[in-house]
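Novice: My structure is stored as protein.tsv, with TSV, C-alpha atoms.
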chain	number	residue	atom	x	y	z
A	1	MET	CA	-26.56	-99.42	129.83
A	2	ASN	CA	-28.25	-98.75	126.48
A	3	ILE	CA	-30.10	-101.48	124.63
A	4	SER	CA	-31.76	-100.95	121.27
A	5	SER	CA	-33.23	-102.95	118.45
A	6	VAL	CA	-33.25	-101.88	114.83
A	7	ILE	CA	-34.60	-103.03	111.51
A	8	ILE	CA	-32.19	-102.58	108.62
A	9	TYR	CA	-33.92	-102.27	105.25
A	10	THR	CA	-31.86	-103.26	102.22
A	11	ASP	CA	-32.07	-102.26	98.59
A	12	ASN	CA	-33.15	-105.87	97.73
A	13	LYS	CA	-30.09	-106.33	95.48
A	14	THR	CA	-27.88	-106.90	98.50
A	15	ASN	CA	-26.97	-110.36	99.72
A	16	LEU	CA	-28.52	-110.59	103.19
A	17	ASP	CA	-25.93	-113.05	104.48
A	18	GLU	CA	-23.04	-110.78	103.46
A	19	LEU	CA	-24.69	-107.67	104.87
A	20	SER	CA	-25.58	-109.51	108.09
A	21	ALA	CA	-21.93	-110.45	108.49
A	22	LEU	CA	-20.92	-106.79	108.08
A	23	VAL	CA	-23.49	-105.67	110.65
A	24	ALA	CA	-22.25	-108.30	113.10
A	25	LYS	CA	-18.73	-106.86	112.78
A	26	ILE	CA	-19.90	-103.44	113.98
A	27	GLU	CA	-18.92	-102.99	117.61
A	28	PHE	CA	-21.83	-103.47	120.05
A	29	CYS	CA	-24.10	-105.03	117.38
A	30	GLU	CA	-25.66	-108.47	117.11
A	31	VAL	CA	-27.75	-109.76	114.22
A	32	VAL	CA	-30.92	-111.46	115.41
A	33	ALA	CA	-32.62	-112.33	112.10
A	34	ALA	CA	-32.41	-111.69	108.36
A	35	GLN	CA	-35.24	-112.31	105.95
A	36	ASP	CA	-37.16	-110.72	103.06
A	37	GLY	CA	-34.74	-107.84	102.53
A	38	LYS	CA	-34.63	-106.90	106.23
A	39	ILE	CA	-32.17	-107.50	109.06
A	40	VAL	CA	-33.10	-107.26	112.74
A	41	ALA	CA	-30.20	-106.36	115.01
A	42	THR	CA	-29.60	-105.28	118.58
A	43	ILE	CA	-27.20	-102.66	119.89
A	44	GLN	CA	-25.95	-102.91	123.48
A	45	THR	CA	-23.67	-100.12	124.71
A	46	GLU	CA	-22.57	-98.22	127.79
A	47	SER	CA	-23.30	-94.77	126.35
A	48	LEU	CA	-25.65	-92.98	124.01
A	49	ASP	CA	-22.68	-91.87	121.89
A	50	GLN	CA	-21.67	-95.50	121.32
A	51	GLU	CA	-25.26	-96.39	120.44
A	52	LEU	CA	-25.50	-93.56	117.91
A	53	GLY	CA	-22.12	-94.51	116.46
A	54	ALA	CA	-23.27	-98.08	115.86
A	55	PHE	CA	-26.53	-96.83	114.35
A	56	LYS	CA	-24.67	-94.50	111.96
A	57	ALA	CA	-22.24	-97.29	111.03
A	58	MET	CA	-25.21	-99.44	110.00
A	59	GLN	CA	-26.67	-96.60	107.95
A	60	ALA	CA	-23.35	-96.19	106.12
A	61	LEU	CA	-23.14	-99.80	104.93
A	62	LYS	CA	-23.44	-100.36	101.20
A	63	GLY	CA	-26.80	-101.88	100.35
A	64	VAL	CA	-28.65	-100.35	103.32
A	65	SER	CA	-31.57	-98.19	102.28
A	66	ASP	CA	-32.78	-97.31	105.78
A	67	VAL	CA	-32.33	-98.18	109.45
A	68	ALA	CA	-35.27	-97.83	111.84
A	69	MET	CA	-34.85	-97.87	115.60
A	70	ILE	CA	-37.71	-99.95	116.94
A	71	TYR	CA	-36.87	-99.99	120.64
A	72	SER	CA	-34.41	-98.07	122.76
A	73	TYR	CA	-33.74	-98.27	126.49
A	74	GLN	CA	-31.29	-96.03	128.33
A	75	ASP	CA	-30.41	-96.42	131.98
A	76	LEU	CA	-30.39	-92.74	132.88
A	77	ASP	CA	-29.95	-93.05	136.65
A	78	GLU	CA	-26.29	-91.99	136.52
A	79	GLN	CA	-27.05	-88.95	134.33
A	80	ILE	CA	-29.99	-87.94	136.53
A	81	ASP	CA	-27.81	-88.18	139.66
A	82	ALA	CA	-25.14	-86.02	138.00
A	83	ALA	CA	-27.71	-83.44	136.96
A	84	ASN	CA	-29.23	-83.38	140.43
A	85	SER	CA	-25.81	-82.93	142.05
A	86	ASN	CA	-25.35	-79.61	140.23
A	87	ASN	CA	-26.26	-76.78	142.55
A	88	ILE	CA	-28.36	-74.94	139.97
A	89	GLU	CA	-29.92	-72.61	142.55
A	90	GLU	CA	-26.48	-71.34	143.58
A	91	ILE	CA	-25.45	-70.92	139.96
A	92	MET	CA	-28.62	-68.99	139.12
A	93	GLN	CA	-28.14	-66.75	142.15
A	94	LYS	CA	-24.58	-65.91	141.03
A	95	ILE	CA	-25.91	-65.01	137.59
A	96	ASP	CA	-28.61	-62.80	139.12
A	97	ASP	CA	-26.08	-61.09	141.40
A	98	GLU	CA	-23.50	-60.41	138.67
A	99	PRO	CA	-23.65	-56.68	137.84
A	100	GLU	CA	-21.92	-57.13	134.49
A	101	ILE	CA	-23.61	-60.04	132.72
A	102	LYS	CA	-21.00	-59.92	129.94
A	103	LYS	CA	-18.37	-61.19	132.38
A	104	ILE	CA	-20.13	-64.54	132.68
A	105	LYS	CA	-18.61	-67.19	130.43
A	106	TYR	CA	-19.79	-70.72	129.99
A	107	GLY	CA	-16.94	-73.20	130.32
A	108	GLY	CA	-18.53	-76.55	131.04
A	109	SER	CA	-20.36	-79.23	129.17
A	110	LEU	CA	-24.09	-79.62	129.09
A	111	ASN	CA	-25.32	-82.77	130.79
A	112	ILE	CA	-28.95	-83.72	130.38
Could I get this file's structure written as structure tokens?
Specialist:
Amino acid sequence: MNISSVIIYTDNKTNLDELSALVAKIEFCEVVAAQDGKIVATIQTESLDQELGAFKAMQALKGVSDVAMIYSYQDLDEQIDAANSNNIEEIMQKIDDEPEIKKIKYGGSLNI
């Protein structure tokens, strides 16, 4: 679970109510407040990719001059467990034992 809060800064010519409605239509987003040329919103997603997608969608809205992430929480337990389940010692030993290093090809995806 990823939970973030952002402040969306407008160009001050933009109607806050209209822009707030557009932000609220972005998947995973909820508008919390809008005042003085700024909108406060939250993003709640299952993945970092979804969170970044929502953030970029906000940045792309007409009338937005900047978006600042104020708070971000990621539940990384699942990713840590996956990383720990990789037998890195065995992999490193295979690399060390390979006489022709050029034969080694990377074919996975990096998980951090």
Novice: Report as an mmCIF file with C-alpha atoms, in the coordinates of the input all protein, DNA and RNA residues lying within 8 Å of Val32 (chain A), evaluated on all atoms listed in the file, omitting residues in the same chain fewer than 5 positions from it.
Specialist:
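Contents of around.cif, as written:
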data_model
loop_
_atom_site.group_PDB
_atom_site.id
_atom_site.type_symbol
_atom_site.label_atom_id
_atom_site.label_comp_id
_atom_site.auth_asym_id
_atom_site.auth_seq_id
_atom_site.Cartn_x
_atom_site.Cartn_y
_atom_site.Cartn_z
ATOM 1 C CA ILE A 39 -32.170 -107.500 109.060
ATOM 2 C CA VAL A 40 -33.100 -107.260 112.740
ATOM 3 C CA ALA A 41 -30.200 -106.360 115.010
ATOM 4 C CA THR A 42 -29.600 -105.280 118.580
#
Novice: Given the choices A:Asn87, A:Ser65, A:Gln93, A:Gln74, which gets closest to Lys13 (chain A) if the distance is worked out from only C-alpha atoms?
Specialist: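 Ranked by minimum distance to Lys13 (chain A), first place goes to A:Ser65.
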Novice: What does the distance between CA of Lys25 (chain A) and CA of Asp75 (chain A) come to in Å, to one decimal place?
Specialist: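 Going from CA of Lys25 (chain A) over to CA of Asp75 (chain A) covers 24.8 Å.
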Novice: Please provide the set of residues having any atom within 7 Å of region 43-53 of chain A, restricted to all atoms listed in the file, with same-chain residues fewer than 4 positions apart removed, written as an MDAnalysis selection string.
Specialist: chainID A and resid 1:5 28:30 57
Novice: Would you please work out which residue, of A:Leu76, A:Val6, A:Phe55, A:Asn84, is nearest to Ile26 (chain A) when using only C-alpha atoms?
Specialist: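 With only C-alpha atoms as the atom set, the closest residue is A:Phe55.
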Novice: Residues within 7 Å of region 14-23 of chain A, please, as number ranges by chain. Count only C-alpha atoms; anything in the same chain fewer than 4 positions from it doesn't count.
Specialist: A: 10, 29, 31, 34, 37, 39, 58, 63
Novice: Please produce a file of those selected residues containing C-alpha atoms, as a CSV table (one decimal), keeping the file's coordinate frame.
Specialist:
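Resulting contents of part-v9.csv:
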chain,number,residue,atom,x,y,z
A,10,THR,CA,-31.9,-103.3,102.2
A,29,CYS,CA,-24.1,-105.0,117.4
A,31,VAL,CA,-27.8,-109.8,114.2
A,34,ALA,CA,-32.4,-111.7,108.4
A,37,GLY,CA,-34.7,-107.8,102.5
A,39,ILE,CA,-32.2,-107.5,109.1
A,58,MET,CA,-25.2,-99.4,110.0
A,63,GLY,CA,-26.8,-101.9,100.4
Novice: Produce the centre coordinates and the three edge lengths, each in Å to one decimal, of the box along x, y and z that contains all listed atoms of region 27-35 of chain A with 5 Å added on each side, as JSON.
Specialist:
{"center_x": -27.1, "center_y": -107.7, "center_z": 113.0, "size_x": 26.3, "size_y": 19.3, "size_z": 24.1}
Novice: Compare A:Glu89, A:Leu61, A:Ala54, A:Tyr9 by their minimum atom-to-atom distance to Asp36 (chain A), counting all atoms listed in the file, and give me the closest one.
Specialist: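 So, comparing all the options, the nearest one is A:Tyr9.
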Novice: Taking into account all atoms listed in the file, which residue in the set A:Lys94, A:Ile8, A:Tyr73, A:Lys56 is nearest to Ala33 (chain A)?
Specialist: A:Ile8
Novice: Which value, in Å to one decimal, gives the distance between CA of Asp77 (chain A) and CA of Glu27 (chain A)?
Specialist: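 Answer for the CA of Asp77 (chain A) to CA of Glu27 (chain A) separation: 24.1 Å.
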